[in-house]
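Novice: For reference, the structure I am asking about is given below.
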Amino acid sequence: MGHEHQHGVDAMGDRRLGLAIAINMLLTVAQVIGGIVSGSLSLIADALHNFSDASSLLIAWAARKIGRQPPDQFKTFGYKRAEVIAALINLVTLVLVGIYLIYEAVWRIFEPQVIAGWIVVIVAGIALIIDVATAVLTYTMSRHSVNIRAAFLHNVSDALASLGVIIAGTLILLYQWYWVDTLLTLLIAGYVLYQAATLLPGTIHILMEGTPKDIDIRTVIGAMESVEGVSNVHHVHLWQLDEHRNALEAHVVIRCFDDTESIKQALKSTLEQRFAIAHSTLEFEIAHCGEGNA
């Protein structure tokens, strides 16, 4: 029943992602057309940001599919890290989009253009509605996946950007402040780069097999050495298989070979219960067997 329930949850999540991808792709096309017709760079900037979000949802959807594949002879840990790789691709794309937007905005300072404010306001208003709808679709899944969480945050930022574009269009209509469009483009670009800079270190940390950020390796070693029968723990490697699974391997010095099995079970129980390390590989070494054990 548990497997069937999980399969149903995954299928529902896939449908939500599919719907979010479709409406965001349509929105991107509408924003690009509106930006070209109106001459609004901020609207095109919002379209590019929205396209990066739609692309990230598409990549996350594909990564979810790949990540559900069971371990095999080629990937003995399974394919869950595909979602982390997808996150890296999405974040690098965000950086490139942000840099391009800054370039276009700076160029627009030297070559200002007349902007049709009404088109900007109408298209951005439609974008705001769709961004909010997409955020609602992805909110539940965002609590369990770094990729979907990033996409959810992007959609929220898209909604804020669309709101900003509406304000810019209104100011252009009322006061002909065309420079507001360029300023808003720079703000959107800055926020895109900020998001990427915030999420990139953690993503790279997982791919570099870094220690889980909420686990202190010295505390882990101390807990292992406090287990009855353990003399010393060394040659410890602790890393994240993906965003939900941690792994550890270590050499454990024990006092007597006869106690190996009970010590192993105690160590594995400590690692799982205290540190959520469900996958551990322990190599035992013998210090000495006391004469009293003979």
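If you're wondering about the labels, chains in the structure tokens are A, B, ... by order shown, residues count from 1 in each chain, ligands from 1 in order shown.
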Give me the residues near Ile263 of chain A as number ranges by chain, where near means some atom within 8 Å (using only C-alpha atoms) and where sequence neighbours in that chain fewer than 6 positions away do not count.
Specialist: A: 227-230
Novice: Let me see the file: selected residues, N, CA and C atoms, as a CSV table (one decimal), in the first residue's frame.
Specialist:
```
chain,number,residue,atom,x,y,z
A,227,VAL,N,30.3,4.2,22.1
A,227,VAL,CA,29.7,2.9,22.1
A,227,VAL,C,30.6,1.9,22.8
A,228,GLU,N,30.0,1.1,23.7
A,228,GLU,CA,30.7,0.1,24.5
A,228,GLU,C,31.5,-0.8,23.6
A,229,GLY,N,32.8,-1.0,23.8
A,229,GLY,CA,33.6,-1.9,23.1
A,229,GLY,C,34.5,-1.2,22.0
A,230,VAL,N,34.2,0.1,21.7
A,230,VAL,CA,34.9,0.8,20.7
A,230,VAL,C,36.1,1.5,21.3
```
Novice: When you look at Val156 of chain A with a cut-off of 9 Å (counting only C-alpha atoms), what residues show up, excluding the ones that are within fewer than 6 positions of it in the same chain? I need them as a PDB file with C-alpha atoms, in the first residue's frame.
Specialist:
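Result file follows (out.pdb):
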```pdb
ATOM      1  CA  ASP A 131       3.085  33.070 -11.690  1.00  0.00           C
ATOM      2  CA  VAL A 132       0.860  32.883  -8.620  1.00  0.00           C
ATOM      3  CA  THR A 134       2.328  28.069 -10.762  1.00  0.00           C
ATOM      4  CA  ALA A 135       3.583  28.789  -7.252  1.00  0.00           C
TER       5      ALA A 135
END
```
Novice: Find the residues around Ile102 of chain A up to 8 Å (only C-alpha atoms counted), leave out those fewer than 3 positions away in its own chain, and share them as a list of chain:residue names.
Specialist: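 Skipping anything fewer than 3 positions along the chain leaves A:Gly98, A:Ile99, A:Ala105, A:Val106, A:Thr185, A:Leu186, A:Ala189.
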Novice: In segment 81-225 of chain A, what's helix (DSSP H, G or I) per DSSP? Answer as JSON, numbers by chain?
Specialist: {"A": [82, 83, 84, 85, 86, 87, 88, 89, 90, 91, 92, 93, 94, 95, 96, 97, 98, 99, 100, 101, 102, 103, 104, 105, 106, 107, 108, 109, 110, 117, 118, 119, 120, 121, 122, 123, 124, 125, 126, 127, 128, 129, 130, 131, 132, 133, 134, 135, 136, 137, 138, 139, 140, 141, 142, 146, 147, 148, 149, 150, 151, 152, 153, 154, 155, 156, 157, 158, 159, 160, 161, 162, 163, 164, 165, 166, 167, 168, 169, 170, 171, 172, 173, 174, 175, 179, 180, 181, 182, 183, 184, 185, 186, 187, 188, 189, 190, 191, 192, 193, 194, 195, 196, 197, 198, 199, 200, 201, 202, 203, 204, 205, 206, 207, 217, 218, 219, 220, 221, 222, 223, 224, 225]}
Novice: Quick one: write out the picked residues with C-alpha atoms as a short mmCIF file (atom, residue, chain, number, x, y, z; two decimals), in the first residue's frame?
Specialist:
```cif
data_model
loop_
_atom_site.label_atom_id
_atom_site.label_comp_id
_atom_site.auth_asym_id
_atom_site.auth_seq_id
_atom_site.Cartn_x
_atom_site.Cartn_y
_atom_site.Cartn_z
CA ALA A 82 20.08 13.35 -11.10
CA GLU A 83 17.94 15.96 -9.35
CA VAL A 84 21.04 17.61 -7.88
CA ILE A 85 22.64 17.70 -11.34
CA ALA A 86 19.42 19.23 -12.67
CA ALA A 87 19.60 21.91 -9.99
CA LEU A 88 23.18 22.75 -11.04
CA ILE A 89 22.12 23.09 -14.69
CA ASN A 90 19.22 25.36 -13.73
CA LEU A 91 21.34 27.58 -11.50
CA VAL A 92 24.12 28.01 -14.07
CA THR A 93 21.44 28.98 -16.59
CA LEU A 94 20.11 31.55 -14.14
CA VAL A 95 23.58 33.10 -13.85
CA LEU A 96 23.87 33.39 -17.64
CA VAL A 97 20.39 34.94 -17.88
CA GLY A 98 21.23 37.44 -15.13
CA ILE A 99 24.47 38.52 -16.82
CA TYR A 100 22.69 38.91 -20.18
CA LEU A 101 19.97 41.07 -18.64
CA ILE A 102 22.56 43.38 -17.08
CA TYR A 103 24.30 43.71 -20.46
CA GLU A 104 21.02 44.60 -22.21
CA ALA A 105 20.02 47.06 -19.49
CA VAL A 106 23.36 48.90 -19.62
CA TRP A 107 23.14 49.07 -23.43
CA ARG A 108 19.60 50.50 -23.15
CA ILE A 109 20.97 53.39 -21.04
CA PHE A 110 22.93 54.61 -24.05
CA GLY A 117 3.01 51.33 -21.22
CA TRP A 118 -0.46 49.80 -21.67
CA ILE A 119 0.90 46.63 -23.33
CA VAL A 120 3.45 46.28 -20.52
CA VAL A 121 0.77 46.56 -17.83
CA ILE A 122 -1.66 44.13 -19.50
CA VAL A 123 0.92 41.41 -20.27
CA ALA A 124 2.56 41.75 -16.86
CA GLY A 125 -0.88 41.47 -15.22
CA ILE A 126 -1.50 38.18 -17.01
CA ALA A 127 2.01 37.03 -16.00
CA LEU A 128 1.30 37.85 -12.36
CA ILE A 129 -1.80 35.64 -12.34
CA ILE A 130 0.05 32.72 -13.98
CA ASP A 131 3.08 33.07 -11.69
CA VAL A 132 0.86 32.88 -8.62
CA ALA A 133 -0.98 29.85 -10.06
CA THR A 134 2.33 28.07 -10.76
CA ALA A 135 3.58 28.79 -7.25
CA VAL A 136 0.41 27.23 -5.86
CA LEU A 137 0.89 24.13 -8.05
CA THR A 138 4.46 23.57 -6.86
CA TYR A 139 4.15 24.62 -3.20
CA THR A 140 3.39 21.17 -1.75
CA MET A 141 6.20 19.44 -3.64
CA SER A 142 8.67 22.19 -2.75
CA VAL A 146 15.53 21.14 -3.62
CA ASN A 147 14.76 21.39 -7.34
CA ILE A 148 11.05 22.01 -6.88
CA ARG A 149 11.77 24.32 -3.94
CA ALA A 150 14.07 26.38 -6.13
CA ALA A 151 11.43 26.44 -8.88
CA PHE A 152 8.79 27.50 -6.34
CA LEU A 153 10.98 30.36 -5.09
CA HIS A 154 11.63 31.39 -8.69
CA ASN A 155 7.91 31.55 -9.36
CA VAL A 156 7.39 33.69 -6.28
CA SER A 157 10.18 36.00 -7.49
CA ASP A 158 8.54 36.00 -10.94
CA ALA A 159 5.31 37.16 -9.36
CA LEU A 160 7.17 39.98 -7.62
CA ALA A 161 8.96 40.86 -10.87
CA SER A 162 5.64 40.96 -12.75
CA LEU A 163 4.24 43.23 -10.05
CA GLY A 164 7.27 45.46 -10.51
CA VAL A 165 6.76 45.54 -14.28
CA ILE A 166 3.13 46.61 -13.74
CA ILE A 167 4.34 49.46 -11.54
CA ALA A 168 6.96 50.44 -14.14
CA GLY A 169 4.33 50.41 -16.91
CA THR A 170 2.03 52.56 -14.82
CA LEU A 171 4.79 55.11 -14.15
CA ILE A 172 5.57 55.22 -17.88
CA LEU A 173 1.90 55.87 -18.65
CA LEU A 174 1.54 58.59 -16.02
CA TYR A 175 4.90 60.35 -16.14
CA TRP A 179 14.26 54.98 -17.26
CA VAL A 180 12.19 53.01 -14.73
CA ASP A 181 12.09 50.13 -17.26
CA THR A 182 15.91 49.94 -17.32
CA LEU A 183 16.14 50.23 -13.54
CA LEU A 184 13.64 47.40 -13.06
CA THR A 185 15.58 45.21 -15.51
CA LEU A 186 18.72 45.68 -13.40
CA LEU A 187 16.77 44.83 -10.24
CA ILE A 188 15.37 41.64 -11.80
CA ALA A 189 18.85 40.65 -13.01
CA GLY A 190 20.29 41.31 -9.56
CA TYR A 191 17.65 39.17 -7.90
CA VAL A 192 18.21 36.32 -10.38
CA LEU A 193 21.96 36.38 -9.64
CA TYR A 194 21.26 36.55 -5.90
CA GLN A 195 19.09 33.44 -6.07
CA ALA A 196 21.72 31.54 -8.03
CA ALA A 197 24.48 32.60 -5.63
CA THR A 198 22.36 31.45 -2.68
CA LEU A 199 21.57 27.97 -4.02
CA LEU A 200 24.75 27.13 -5.96
CA PRO A 201 27.09 26.46 -2.99
CA GLY A 202 24.79 23.82 -1.46
CA THR A 203 24.27 22.11 -4.82
CA ILE A 204 27.99 21.97 -5.55
CA HIS A 205 28.62 20.77 -1.98
CA ILE A 206 26.46 17.69 -2.58
CA LEU A 207 28.10 16.94 -5.94
CA ILE A 217 31.81 14.97 11.86
CA ARG A 218 33.59 15.35 15.21
CA THR A 219 30.28 14.81 17.01
CA VAL A 220 29.67 11.69 14.92
CA ILE A 221 33.09 10.28 15.78
CA GLY A 222 32.53 11.07 19.46
CA ALA A 223 29.17 9.28 19.45
CA MET A 224 30.69 6.24 17.75
CA GLU A 225 33.60 6.09 20.19
#
```
Novice: Residues of segment 112-218 of chain A that have any atom at most 10 Å from an atom of segment 269-287 of chain A: could you tabulate them with the shortest-distance atom pair and the distance in Å to one decimal, using only C-alpha atoms, ordered by chain and increasing number, as CSV?
Specialist:
```
residue,atom,partner,partner_atom,distance
A:Pro212,CA,A:Phe275,CA,9.9
A:Asp214,CA,A:Phe275,CA,9.0
A:Ile215,CA,A:Phe275,CA,7.0
A:Asp216,CA,A:Phe275,CA,9.4
```
Novice: Would you please work out which residue, of A:Lys268, A:Leu27, A:Ser38, A:Cys256, is nearest to Phe51 of chain A when using only C-alpha atoms?
Specialist: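 So, comparing all the options, the nearest one is A:Leu27.
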Novice: May I have a table of the residues of segment 46-103 of chain A lying at most 9 Å from segment 234-241 of chain A, giving each one's closest pair of atoms and their distance in Å to one decimal, counting only C-alpha atoms, ordered by chain and ascending residue number, as a tab-separated table?
Specialist:
```
residue	atom	partner	partner_atom	distance
A:Phe77	CA	A:Leu241	CA	7.7
A:Lys80	CA	A:Leu241	CA	8.0
A:Arg81	CA	A:Leu241	CA	6.9
```
Novice: What does the structure give for the distance between atom CA of Ala22 of chain A and atom CA of Gly34 of chain A, in Å to one decimal?
Specialist: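 Atom CA of Ala22 of chain A sits 18.5 Å away from atom CA of Gly34 of chain A.
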Novice: Enumerate the residues of segment 174-279 of chain A with a DSSP assignment of strand (DSSP E or B), computed from the backbone, and present them as a list in words.
Specialist: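 Selection result, strand (DSSP E or B) within segment 174-279 of chain A: Val230, Ser231, Asn232, Val233, His234, His235, Val236, His237, Leu238, Trp239, Gln240, Asn246, Ala247, Leu248, Glu249, Ala250, His251, Val252, Val253, Ile254 and His279 of chain A.
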Novice: If you measure from atom CA of Val252 of chain A to atom CA of Val233 of chain A, what distance in Å do you get, rounded to one decimal?
Specialist: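 Taking atom CA of Val252 of chain A and atom CA of Val233 of chain A, their separation equals 4.7 Å.
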